[in-house]
$ cat model_33.json   # JSON, C-alpha atoms and all ligand atoms
[["chain", "number", "residue", "atom", "x", "y", "z"],
["A", 1, "MET", "CA", 0.00, 0.00, 0.00],
["A", 2, "VAL", "CA", 1.34, 3.44, -0.94],
["A", 3, "ASP", "CA", 1.84, 5.88, 1.92],
["A", 4, "LYS", "CA", -0.76, 8.65, 1.65],
["A", 5, "LYS", "CA", 1.97, 11.28, 1.52],
["A", 6, "TYR", "CA", 2.93, 10.04, -1.97],
["A", 7, "LEU", "CA", -0.56, 10.29, -3.43],
["A", 8, "LEU", "CA", -1.56, 13.19, -5.66],
["A", 9, "ASP", "CA", -3.87, 15.77, -4.15],
["A", 10, "SER", "CA", -7.15, 17.04, -5.58],
["A", 11, "LYS", "CA", -5.61, 20.20, -7.05],
["A", 12, "GLN", "CA", -3.07, 18.11, -8.96],
["A", 13, "MET", "CA", -5.91, 15.89, -10.16],
["A", 14, "ALA", "CA", -7.83, 18.96, -11.32],
["A", 15, "HIS", "CA", -4.75, 20.03, -13.30],
["A", 16, "PHE", "CA", -4.63, 16.57, -14.87],
["A", 17, "VAL", "CA", -8.30, 16.94, -15.81],
["A", 18, "ALA", "CA", -7.82, 20.42, -17.31],
["A", 19, "ASP", "CA", -4.40, 19.99, -18.92],
["A", 20, "GLY", "CA", -4.16, 16.25, -19.61],
["A", 21, "TYR", "CA", -0.74, 15.95, -18.00],
["A", 22, "LEU", "CA", 1.30, 16.46, -14.84],
["A", 23, "ARG", "CA", 5.04, 17.07, -14.67],
["A", 24, "PHE", "CA", 7.47, 15.99, -11.97],
["A", 25, "ASP", "CA", 10.87, 17.58, -12.44],
["A", 26, "GLU", "CA", 13.99, 15.65, -11.39],
["A", 27, "LEU", "CA", 11.95, 13.04, -9.55],
["A", 28, "VAL", "CA", 14.24, 10.09, -10.25],
["A", 29, "PRO", "CA", 17.66, 10.04, -8.52],
["A", 30, "THR", "CA", 20.83, 10.43, -10.60],
["A", 31, "GLU", "CA", 22.19, 6.87, -10.14],
["A", 32, "LEU", "CA", 18.94, 5.38, -11.41],
["A", 33, "ASN", "CA", 18.82, 7.77, -14.38],
["A", 34, "GLU", "CA", 22.33, 6.77, -15.33],
["A", 35, "ALA", "CA", 21.54, 3.06, -14.96],
["A", 36, "VAL", "CA", 18.39, 3.36, -17.10],
["A", 37, "HIS", "CA", 20.26, 5.42, -19.71],
["A", 38, "ALA", "CA", 22.87, 2.65, -19.96],
["A", 39, "GLU", "CA", 20.10, 0.02, -20.10],
["A", 40, "MET", "CA", 18.48, 1.85, -23.02],
["A", 41, "GLU", "CA", 21.80, 2.23, -24.84],
["A", 42, "ASP", "CA", 22.37, -1.53, -24.49],
["A", 43, "HIS", "CA", 18.81, -2.34, -25.66],
["A", 44, "GLY", "CA", 18.53, -4.10, -22.32],
["A", 45, "ILE", "CA", 14.95, -3.39, -21.28],
["A", 46, "GLY", "CA", 12.84, -6.49, -21.82],
["A", 47, "ARG", "CA", 9.41, -6.22, -23.39],
["A", 48, "GLY", "CA", 6.49, -7.43, -21.27],
["A", 49, "THR", "CA", 3.23, -9.06, -22.21],
["A", 50, "ALA", "CA", 0.30, -6.71, -22.63],
["A", 51, "GLY", "CA", -2.39, -7.14, -19.98],
["A", 52, "VAL", "CA", -0.10, -8.54, -17.28],
["A", 53, "PRO", "CA", 0.14, -6.72, -13.90],
["A", 54, "LEU", "CA", 2.86, -4.07, -14.00],
["A", 55, "SER", "CA", 4.33, -5.51, -10.79],
["A", 56, "ALA", "CA", 5.21, -8.73, -12.67],
["A", 57, "ILE", "CA", 7.01, -7.09, -15.59],
["A", 58, "TRP", "CA", 10.54, -6.11, -14.46],
["A", 59, "PRO", "CA", 12.61, -7.86, -11.77],
["A", 60, "GLN", "CA", 13.48, -6.03, -8.57],
["A", 61, "SER", "CA", 17.06, -5.71, -9.75],
["A", 62, "SER", "CA", 16.25, -3.94, -13.03],
["A", 63, "PRO", "CA", 16.87, -0.17, -13.12],
["A", 64, "ILE", "CA", 13.70, 0.60, -15.07],
["A", 65, "GLY", "CA", 11.68, -1.55, -12.64],
["A", 66, "SER", "CA", 13.22, 0.41, -9.77],
["A", 67, "VAL", "CA", 12.06, 3.70, -11.32],
["A", 68, "PHE", "CA", 8.45, 2.51, -11.41],
["A", 69, "ARG", "CA", 8.76, 1.10, -7.87],
["A", 70, "LEU", "CA", 9.85, 4.46, -6.41],
["A", 71, "PRO", "CA", 7.23, 5.43, -3.81],
["A", 72, "GLU", "CA", 6.69, 8.79, -5.54],
["A", 73, "VAL", "CA", 5.97, 7.04, -8.85],
["A", 74, "GLN", "CA", 3.79, 4.44, -7.13],
["A", 75, "GLY", "CA", 1.83, 7.33, -5.63],
["A", 76, "ILE", "CA", 1.21, 8.82, -9.08],
["A", 77, "ILE", "CA", 0.18, 5.41, -10.45],
["A", 78, "HIS", "CA", -2.14, 4.68, -7.53],
["A", 79, "SER", "CA", -3.80, 8.10, -7.78],
["A", 80, "LEU", "CA", -4.61, 7.77, -11.49],
["A", 81, "VAL", "CA", -5.08, 4.07, -12.30],
["A", 82, "GLY", "CA", -5.18, 2.38, -8.91],
["A", 83, "PRO", "CA", -2.86, 0.12, -6.92],
["A", 84, "ASP", "CA", -2.39, -2.75, -9.33],
["A", 85, "PRO", "CA", -2.59, -1.57, -12.95],
["A", 86, "LEU", "CA", -1.85, -3.62, -16.04],
["A", 87, "TYR", "CA", 1.16, -3.14, -18.24],
["A", 88, "ASP", "CA", -0.02, -2.20, -21.72],
["A", 89, "HIS", "CA", 3.29, -1.61, -23.49],
["A", 90, "HIS", "CA", 6.46, 0.39, -23.27],
["A", 91, "ALA", "CA", 8.75, 1.90, -25.88],
["A", 92, "VAL", "CA", 12.25, 3.34, -25.81],
["A", 93, "HIS", "CA", 11.65, 6.31, -28.08],
["A", 94, "THR", "CA", 14.81, 7.64, -29.69],
["A", 95, "VAL", "CA", 15.64, 10.66, -31.83],
["A", 96, "ASN", "CA", 18.96, 10.24, -33.60],
["A", 97, "ALA", "CA", 21.75, 12.81, -33.16],
["A", 98, "GLY", "CA", 21.46, 15.49, -35.81],
["A", 99, "ARG", "CA", 17.98, 14.49, -36.92],
["A", 100, "ASP", "CA", 16.43, 17.68, -38.23],
["A", 101, "ILE", "CA", 12.87, 16.44, -38.78],
["A", 102, "GLY", "CA", 10.23, 16.36, -36.09],
["A", 103, "GLN", "CA", 7.53, 13.73, -35.77],
["A", 104, "HIS", "CA", 4.00, 14.57, -36.94],
["A", 105, "TRP", "CA", 1.40, 15.48, -34.36],
["A", 106, "HIS", "CA", -0.54, 12.39, -33.27],
["A", 107, "ALA", "CA", -2.32, 10.72, -30.40],
["A", 108, "ASP", "CA", -1.36, 7.17, -29.42],
["A", 109, "ALA", "CA", -3.94, 4.40, -29.71],
["A", 110, "ILE", "CA", -7.39, 5.75, -29.05],
["A", 111, "ILE", "CA", -9.84, 3.02, -29.94],
["A", 112, "ASP", "CA", -12.80, 4.03, -27.81],
["A", 113, "THR", "CA", -14.12, 7.08, -26.04],
["A", 114, "ARG", "CA", -14.86, 5.81, -22.53],
["A", 115, "MET", "CA", -14.32, 8.06, -19.51],
["A", 116, "HIS", "CA", -12.04, 5.32, -18.16],
["A", 117, "PHE", "CA", -8.53, 6.23, -19.15],
["A", 118, "ASP", "CA", -5.03, 4.86, -19.48],
["A", 119, "ILE", "CA", -1.96, 6.80, -18.47],
["A", 120, "GLN", "CA", 1.33, 7.16, -20.27],
["A", 121, "PHE", "CA", 4.58, 8.00, -18.55],
["A", 122, "PHE", "CA", 7.18, 9.96, -20.50],
["A", 123, "TYR", "CA", 10.43, 9.53, -18.57],
["A", 124, "PHE", "CA", 13.58, 11.46, -19.50],
["A", 125, "ALA", "CA", 16.64, 9.76, -18.00],
["A", 126, "HIS", "CA", 19.10, 12.40, -19.26],
["A", 127, "ASP", "CA", 19.02, 16.20, -19.47],
["A", 128, "THR", "CA", 16.83, 17.21, -22.40],
["A", 129, "PRO", "CA", 17.42, 20.82, -23.50],
["A", 130, "ARG", "CA", 15.22, 22.34, -26.21],
["A", 131, "GLU", "CA", 17.73, 21.61, -28.97],
["A", 132, "MET", "CA", 17.67, 17.92, -28.09],
["A", 133, "GLY", "CA", 14.03, 17.48, -28.90],
["A", 134, "GLY", "CA", 11.98, 16.56, -25.89],
["A", 135, "THR", "CA", 8.46, 15.51, -26.76],
["A", 136, "MET", "CA", 6.08, 18.35, -27.69],
["A", 137, "ILE", "CA", 2.65, 18.05, -26.06],
["A", 138, "LEU", "CA", -0.54, 20.06, -26.49],
["A", 139, "PRO", "CA", -2.08, 20.86, -23.09],
["A", 140, "GLY", "CA", -5.83, 20.35, -23.00],
["A", 141, "SER", "CA", -6.02, 18.20, -26.15],
["A", 142, "HIS", "CA", -6.95, 14.92, -24.45],
["A", 143, "TYR", "CA", -10.73, 15.21, -24.93],
["A", 144, "ARG", "CA", -10.31, 15.56, -28.71],
["A", 145, "ARG", "CA", -10.22, 11.86, -29.43],
["A", 146, "VAL", "CA", -8.49, 11.67, -32.77],
["A", 147, "CYS", "CA", -7.41, 8.61, -34.68],
["A", 148, "GLU", "CA", -3.62, 8.54, -34.54],
["A", 149, "SER", "CA", -2.26, 10.85, -37.25],
["A", 150, "ASP", "CA", -5.52, 12.58, -38.24],
["A", 151, "ILE", "CA", -3.92, 15.75, -36.88],
["A", 152, "ALA", "CA", -0.64, 15.38, -38.80],
["A", 153, "ARG", "CA", -1.48, 18.33, -41.05],
["A", 154, "TYR", "CA", -1.00, 20.76, -38.14],
["A", 155, "HIS", "CA", 2.46, 22.10, -37.42],
["A", 156, "ASN", "CA", 2.24, 24.47, -34.46],
["A", 157, "PHE", "CA", -0.39, 25.37, -31.88],
["A", 158, "LEU", "CA", -0.79, 28.31, -29.56],
["A", 159, "GLU", "CA", 0.49, 27.23, -26.11],
["A", 160, "GLN", "CA", 2.04, 23.95, -27.29],
["A", 161, "LEU", "CA", 4.54, 22.77, -24.69],
["A", 162, "PRO", "CA", 7.97, 21.46, -25.66],
["A", 163, "ILE", "CA", 9.23, 19.25, -22.86],
["A", 164, "VAL", "CA", 12.54, 20.76, -21.77],
["A", 165, "CYS", "CA", 13.82, 19.18, -18.61],
["A", 166, "LYS", "CA", 16.62, 17.88, -16.45],
["A", 167, "ALA", "CA", 17.47, 14.22, -16.06],
["A", 168, "GLY", "CA", 14.98, 12.29, -13.95],
["A", 169, "THR", "CA", 11.92, 14.22, -15.07],
["A", 170, "ILE", "CA", 8.67, 12.34, -15.52],
["A", 171, "PHE", "CA", 5.53, 13.49, -17.28],
["A", 172, "VAL", "CA", 2.35, 11.51, -16.85],
["A", 173, "VAL", "CA", -0.30, 12.09, -19.52],
["A", 174, "HIS", "CA", -3.86, 11.09, -20.27],
["A", 175, "HIS", "CA", -3.80, 8.64, -23.19],
["A", 176, "GLY", "CA", -5.69, 11.11, -25.38],
["A", 177, "ILE", "CA", -3.01, 13.83, -25.35],
["A", 178, "TRP", "CA", -1.68, 15.08, -28.69],
["A", 179, "HIS", "CA", 2.10, 14.96, -28.93],
["A", 180, "CYS", "CA", 5.11, 14.58, -31.24],
["A", 181, "ALA", "CA", 8.87, 14.09, -31.00],
["A", 182, "GLN", "CA", 11.04, 17.09, -31.87],
["A", 183, "PRO", "CA", 14.20, 17.39, -33.98],
["A", 184, "ASN", "CA", 17.50, 16.69, -32.23],
["A", 185, "GLN", "CA", 20.23, 19.20, -33.07],
["A", 186, "THR", "CA", 22.80, 17.76, -30.67],
["A", 187, "ASP", "CA", 25.40, 15.10, -31.39],
["A", 188, "ARG", "CA", 23.85, 12.70, -28.86],
["A", 189, "MET", "CA", 20.98, 10.26, -29.16],
["A", 190, "ARG", "CA", 17.83, 11.45, -27.37],
["A", 191, "TYR", "CA", 15.97, 8.83, -25.34],
["A", 192, "MET", "CA", 12.47, 8.97, -23.88],
["A", 193, "PHE", "CA", 11.04, 5.96, -22.07],
["A", 194, "LYS", "CA", 7.28, 5.62, -22.49],
["A", 195, "LEU", "CA", 5.10, 3.30, -20.44],
["A", 196, "ARG", "CA", 1.36, 2.84, -20.86],
["A", 197, "LEU", "CA", -0.77, 1.45, -18.02],
["A", 198, "ASN", "CA", -4.41, 0.33, -17.84],
["A", 199, "PRO", "CA", -6.55, 0.62, -14.68],
["A", 200, "THR", "CA", -8.03, -2.44, -12.98],
["A", 201, "VAL", "CA", -10.32, -0.55, -10.62],
["A", 202, "ARG", "CA", -12.95, 2.13, -11.05],
["A", 203, "GLN", "CA", -11.02, 5.41, -11.23],
["A", 204, "MET", "CA", -12.83, 7.19, -8.42],
["A", 205, "CYS", "CA", -11.18, 9.11, -5.55],
["A", 206, "LEU", "CA", -7.97, 7.09, -5.75],
["A", 207, "TRP", "CA", -5.85, 10.09, -4.72],
["A", 208, "ASN", "CA", -5.57, 12.00, -1.43],
["A", 209, "THR", "CA", -8.97, 13.70, -1.32],
["A", 210, "ASP", "CA", -8.36, 15.76, 1.84],
["A", 211, "ASP", "CA", -8.53, 18.94, -0.26],
["A", 212, "LEU", "CA", -11.49, 17.86, -2.42],
["A", 213, "ASP", "CA", -13.47, 20.99, -1.59],
["A", 214, "ASP", "CA", -10.58, 23.38, -2.13],
["A", 215, "PRO", "CA", -12.00, 26.61, -3.61],
["A", 216, "ALA", "CA", -9.14, 26.70, -6.16],
["A", 217, "ILE", "CA", -10.46, 23.64, -8.02],
["A", 218, "PRO", "CA", -13.18, 25.30, -10.16],
["A", 219, "GLY", "CA", -10.60, 27.87, -11.32],
["A", 220, "ILE", "CA", -8.15, 25.12, -12.28],
["A", 221, "LEU", "CA", -10.90, 23.38, -14.27],
["A", 222, "ASN", "CA", -11.65, 26.68, -16.04],
["A", 223, "ALA", "CA", -8.19, 26.92, -17.67],
["A", 224, "ASN", "CA", -8.02, 28.35, -21.19],
["A", 225, "HIS", "CA", -5.25, 26.84, -23.32],
["A", 226, "LYS", "CA", -6.22, 29.23, -26.11],
["A", 227, "TRP", "CA", -5.53, 26.99, -29.13],
["A", 228, "TYR", "CA", -9.23, 26.02, -29.33],
["A", 229, "GLY", "CA", -10.58, 29.60, -29.36],
["A", 230, "ASN", "CA", -14.20, 29.90, -28.23],
["A", 231, "ASP", "CA", -14.43, 26.12, -27.99],
["A", 232, "VAL", "CA", -12.98, 26.52, -24.50],
["A", 233, "ARG", "CA", -16.64, 26.28, -23.47],
["A", 234, "LEU", "CA", -16.84, 22.76, -24.84],
["A", 235, "GLU", "CA", -13.66, 21.88, -23.02],
["A", 236, "ILE", "CA", -14.95, 23.16, -19.68],
["A", 237, "VAL", "CA", -17.99, 20.94, -20.10],
["A", 238, "ASN", "CA", -15.73, 17.97, -20.95],
["A", 239, "ARG", "CA", -13.74, 18.62, -17.78],
["A", 240, "ILE", "CA", -16.82, 18.88, -15.58],
["A", 241, "LYS", "CA", -18.06, 15.53, -16.91],
["A", 242, "PHE", "CA", -14.64, 13.97, -16.28],
["A", 243, "TRP", "CA", -14.41, 15.45, -12.76],
["A", 244, "ARG", "CA", -17.88, 14.08, -11.99],
["A", 245, "PHE", "CA", -16.66, 10.66, -13.12],
["A", 246, "LEU", "CA", -13.53, 10.90, -10.98],
["A", 247, "VAL", "CA", -15.21, 12.08, -7.79],
["A", 248, "GLY", "CA", -18.46, 10.13, -8.24],
["A", 249, "ASP", "CA", -20.59, 13.26, -7.97],
["A", 250, "ASP", "CA", -23.02, 13.74, -10.85],
["A", 251, "LYS", "CA", -24.11, 17.15, -9.53],
["A", 252, "PHE", "CA", -20.68, 18.82, -9.62],
["A", 253, "ASP", "CA", -20.60, 21.98, -11.72],
["A", 254, "VAL", "CA", -18.32, 24.90, -12.48],
["A", 255, "GLY", "CA", -20.39, 28.04, -12.62],
["A", 256, "TYR", "CA", -23.63, 27.12, -14.43],
["A", 257, "TRP", "CA", -22.16, 25.22, -17.41],
["A", 258, "MET", "CA", -23.76, 21.83, -16.81],
["A", 259, "GLY", "CA", -26.74, 23.27, -14.94],
["A", 260, "ARG", "CA", -27.73, 25.11, -18.11],
["A", 261, "LEU", "CA", -27.47, 21.96, -20.25],
["A", 262, "GLU", "CA", -29.35, 19.86, -17.72],
["A", 263, "ASN", "CA", -32.19, 22.34, -17.38],
["A", 264, "LEU", "CA", -34.96, 20.35, -19.10],
["A", 265, "PRO", "CA", -38.22, 21.61, -17.57],
["A", 266, "GLU", "CA", -41.04, 19.10, -17.69],
["A", 267, "ASN", "CA", -43.74, 21.32, -16.20],
["A", 268, "VAL", "CA", -46.55, 22.08, -18.63],
["A", 269, "LEU", "CA", -47.94, 25.56, -18.20],
["A", 270, "GLU", "CA", -51.57, 25.35, -17.26],
["A", 271, "ALA", "CA", -54.09, 27.57, -19.05],
["A", 272, "ALA", "CA", -54.91, 30.64, -16.98],
["A", 301, "LIG", "O1", 9.90, 10.28, -29.09],
["A", 301, "LIG", "C1", 9.03, 11.06, -28.68],
["A", 301, "LIG", "O2", 9.29, 12.12, -28.11],
["A", 301, "LIG", "C2", 7.58, 10.71, -28.91],
["A", 301, "LIG", "C3", 7.41, 9.43, -29.68],
["A", 301, "LIG", "C4", 5.98, 9.05, -29.83],
["A", 301, "LIG", "O3", 5.13, 9.67, -29.30],
["A", 301, "LIG", "C5", 5.57, 7.86, -30.60],
["A", 301, "LIG", "O4", 6.38, 7.35, -31.39],
["A", 301, "LIG", "O5", 4.40, 7.45, -30.44],
["A", 302, "FE", "FE", 3.19, 8.85, -29.56]]

$ encode --input "model_33.json" --output "structure tokens" --more "lines below"
Ligand SMILES: O=C(O)CCC(=O)C(=O)O
Ligand SMILES: [Fe+2]
Amino acid sequence: MVDKKYLLDSKQMAHFVADGYLRFDELVPTELNEAVHAEMEDHGIGRGTAGVPLSAIWPQSSPIGSVFRLPEVQGIIHSLVGPDPLYDHHAVHTVNAGRDIGQHWHADAIIDTRMHFDIQFFYFAHDTPREMGGTMILPGSHYRRVCESDIARYHNFLEQLPIVCKAGTIFVVHHGIWHCAQPNQTDRMRYMFKLRLNPTVRQMCLWNTDDLDDPAIPGILNANHKWYGNDVRLEIVNRIKFWRFLVGDDKFDVGYWMGRLENLPENVLEAA
């Protein structure tokens, strides 16, 4: 069982709901980063079987297994997909030294549109300055369920976020987030370790809910990432529906957004 102090809080969860990602800078200690970097360079990280519990995938001794067994990482996992998620797949994503072409914008496998969601970790084991091509993500894109490269025609978005970070940084994203690898102008290979996990329990109040009624939460859910223009209204409604799902409260609202949509009077006016 994860110690409560490692769980996410409600404000972090609200950011995940609004933005589709959370970032944890320099979370993984240096020795582990170096060991995982070496493991990736040696092609030494074994592939697991999809649908098997994550806990059964990598031995205790393996550096990458140790990263995902860190209590801080276990706290993130528990808060989003529960205590015993399934391993879906992982990939060691590389961008060759001197590669001057970026990847097209895409979303990874989105086959259905349930509220239930997978998470993807993007783990950077070495320093990743802008010129090295960290992954670019589009905050707030996770409710636009697109089929893989349907969005490849786009090049740049207002408020797109290039991941620029120090070694040991982990991003955790909703599986719907739009993203793409960036060019690498350095003379070193860029690595990013991606891991996708599936929940095995209903994703409701799995985090530390002590601050569930924090007055900052509606404001966090109201964020405007700008790239969608006036459609921010649609996104606020998407977030309210997702927050309701996560907290198990089908009356939750921000302002009067859902109240307005759910106002379906059935009273027939009687003749005077
Ligand atoms: O390498 C990256 O930064 C992203 C790679 C990616 O998203 C993919 O290949 O699906
Ligand atoms: Fe991808």

$ residues_near_ligand --input "model_33.json" --ligand "ligand LIG 301 (chain A)" --cutoff "6 Å" --atoms "only C-alpha atoms and all ligand atoms" --output "ChimeraX atom specification"
/A:93-94,108,134-135,180-181,192

$ residues_near_ligand --input "model_33.json" --ligand "ligand FE 302 (chain A)" --cutoff "12 Å" --atoms "all atoms listed in the file" --output "JSON, numbers by chain"
{"A": [90, 91, 92, 93, 94, 103, 104, 105, 106, 107, 108, 109, 110, 120, 121, 122, 135, 136, 137, 147, 148, 149, 152, 173, 174, 175, 176, 177, 178, 179, 180, 181, 182, 192, 193, 194, 195, 196]}

$ atom_distance --input "model_33.json" --atom1 "CA of Tyr123 (chain A)" --atom2 "CA of Arg145 (chain A)"
23.4 Å

$ atom_distance --input "model_33.json" --atom1 "CA of Glu270 (chain A)" --atom2 "CA of Met258 (chain A)"
28.0 Å

$ atom_distance --input "model_33.json" --atom1 "CA of Phe171 (chain A)" --atom2 "CA of Arg23 (chain A)"
4.5 Å

$ closest_residue --input "model_33.json" --among "A:Val73, A:Ile57, A:Ile119, A:Val95" --to "Met189 (chain A)" --atoms "all atoms listed in the file"
A:Val95

$ closest_residue --input "model_33.json" --among "A:Asp9, A:Asp213, A:Glu26, A:Asp112" --to "Ala125 (chain A)" --atoms "all atoms listed in the file"
A:Glu26

$ closest_residue --input "model_33.json" --among "A:His78, A:Arg239, A:Lys166, A:His37" --to "His142 (chain A)" --atoms "all atoms listed in the file"
A:Arg239

$ residues_around --input "model_33.json" --residues "region 59-72 of chain A" --least-positions-apart "5" --cutoff "7 Å" --atoms "all atoms listed in the file" --output "list in words"
Val2, Tyr6, Val28, Leu32, Ala35 and Val36 of chain A

$ residues_around --input "model_33.json" --residues "His15 (chain A)" --least-positions-apart "5" --cutoff "12 Å" --atoms "all atoms listed in the file" --output "list in words"
Leu8, Asp9, Ser10, Gly20, Tyr21, Leu22, Arg23, Pro139, Gly140, Val172, Val173, His174, Ala216, Ile217, Pro218, Gly219, Ile220, Leu221, Asn222, Ala223, Asn224, Arg239, Phe242 and Trp243 of chain A

$ decode --input "model_33.json" --residues "region 91-104 of chain A" --atoms "N, CA and C atoms" --output "PDB file, in the first residue's frame"
ATOM      1  N   ALA A  91       7.901   1.675 -24.707  1.00  0.00           N
ATOM      2  CA  ALA A  91       8.751   1.903 -25.880  1.00  0.00           C
ATOM      3  C   ALA A  91       9.919   2.781 -25.464  1.00  0.00           C
ATOM      4  N   VAL A  92      11.091   2.451 -25.974  1.00  0.00           N
ATOM      5  CA  VAL A  92      12.251   3.340 -25.810  1.00  0.00           C
ATOM      6  C   VAL A  92      12.258   4.210 -27.059  1.00  0.00           C
ATOM      7  N   HIS A  93      11.763   5.432 -26.911  1.00  0.00           N
ATOM      8  CA  HIS A  93      11.654   6.313 -28.076  1.00  0.00           C
ATOM      9  C   HIS A  93      12.956   7.086 -28.250  1.00  0.00           C
ATOM     10  N   THR A  94      13.527   6.982 -29.427  1.00  0.00           N
ATOM     11  CA  THR A  94      14.805   7.641 -29.691  1.00  0.00           C
ATOM     12  C   THR A  94      14.640   8.688 -30.790  1.00  0.00           C
ATOM     13  N   VAL A  95      15.482   9.721 -30.712  1.00  0.00           N
ATOM     14  CA  VAL A  95      15.637  10.657 -31.834  1.00  0.00           C
ATOM     15  C   VAL A  95      17.137  10.722 -32.098  1.00  0.00           C
ATOM     16  N   ASN A  96      17.530  10.302 -33.276  1.00  0.00           N
ATOM     17  CA  ASN A  96      18.961  10.235 -33.600  1.00  0.00           C
ATOM     18  C   ASN A  96      19.637  11.594 -33.507  1.00  0.00           C
ATOM     19  N   ALA A  97      20.933  11.582 -33.166  1.00  0.00           N
ATOM     20  CA  ALA A  97      21.752  12.806 -33.161  1.00  0.00           C
ATOM     21  C   ALA A  97      21.661  13.453 -34.536  1.00  0.00           C
ATOM     22  N   GLY A  98      21.461  14.759 -34.546  1.00  0.00           N
ATOM     23  CA  GLY A  98      21.464  15.495 -35.812  1.00  0.00           C
ATOM     24  C   GLY A  98      20.210  15.319 -36.655  1.00  0.00           C
ATOM     25  N   ARG A  99      19.210  14.666 -36.120  1.00  0.00           N
ATOM     26  CA  ARG A  99      17.985  14.489 -36.915  1.00  0.00           C
ATOM     27  C   ARG A  99      17.228  15.824 -36.951  1.00  0.00           C
ATOM     28  N   ASP A 100      17.017  16.335 -38.165  1.00  0.00           N
ATOM     29  CA  ASP A 100      16.429  17.683 -38.225  1.00  0.00           C
ATOM     30  C   ASP A 100      14.943  17.679 -38.560  1.00  0.00           C
ATOM     31  N   ILE A 101      14.314  16.518 -38.497  1.00  0.00           N
ATOM     32  CA  ILE A 101      12.873  16.440 -38.785  1.00  0.00           C
ATOM     33  C   ILE A 101      12.134  16.042 -37.510  1.00  0.00           C
ATOM     34  N   GLY A 102      11.054  16.732 -37.240  1.00  0.00           N
ATOM     35  CA  GLY A 102      10.233  16.364 -36.087  1.00  0.00           C
ATOM     36  C   GLY A 102       9.205  15.313 -36.505  1.00  0.00           C
ATOM     37  N   GLN A 103       8.600  14.698 -35.496  1.00  0.00           N
ATOM     38  CA  GLN A 103       7.532  13.731 -35.769  1.00  0.00           C
ATOM     39  C   GLN A 103       6.244  14.497 -36.046  1.00  0.00           C
ATOM     40  N   HIS A 104       5.282  13.901 -36.756  1.00  0.00           N
ATOM     41  CA  HIS A 104       4.005  14.574 -36.943  1.00  0.00           C
ATOM     42  C   HIS A 104       3.181  14.497 -35.651  1.00  0.00           C
TER      43      HIS A 104
END
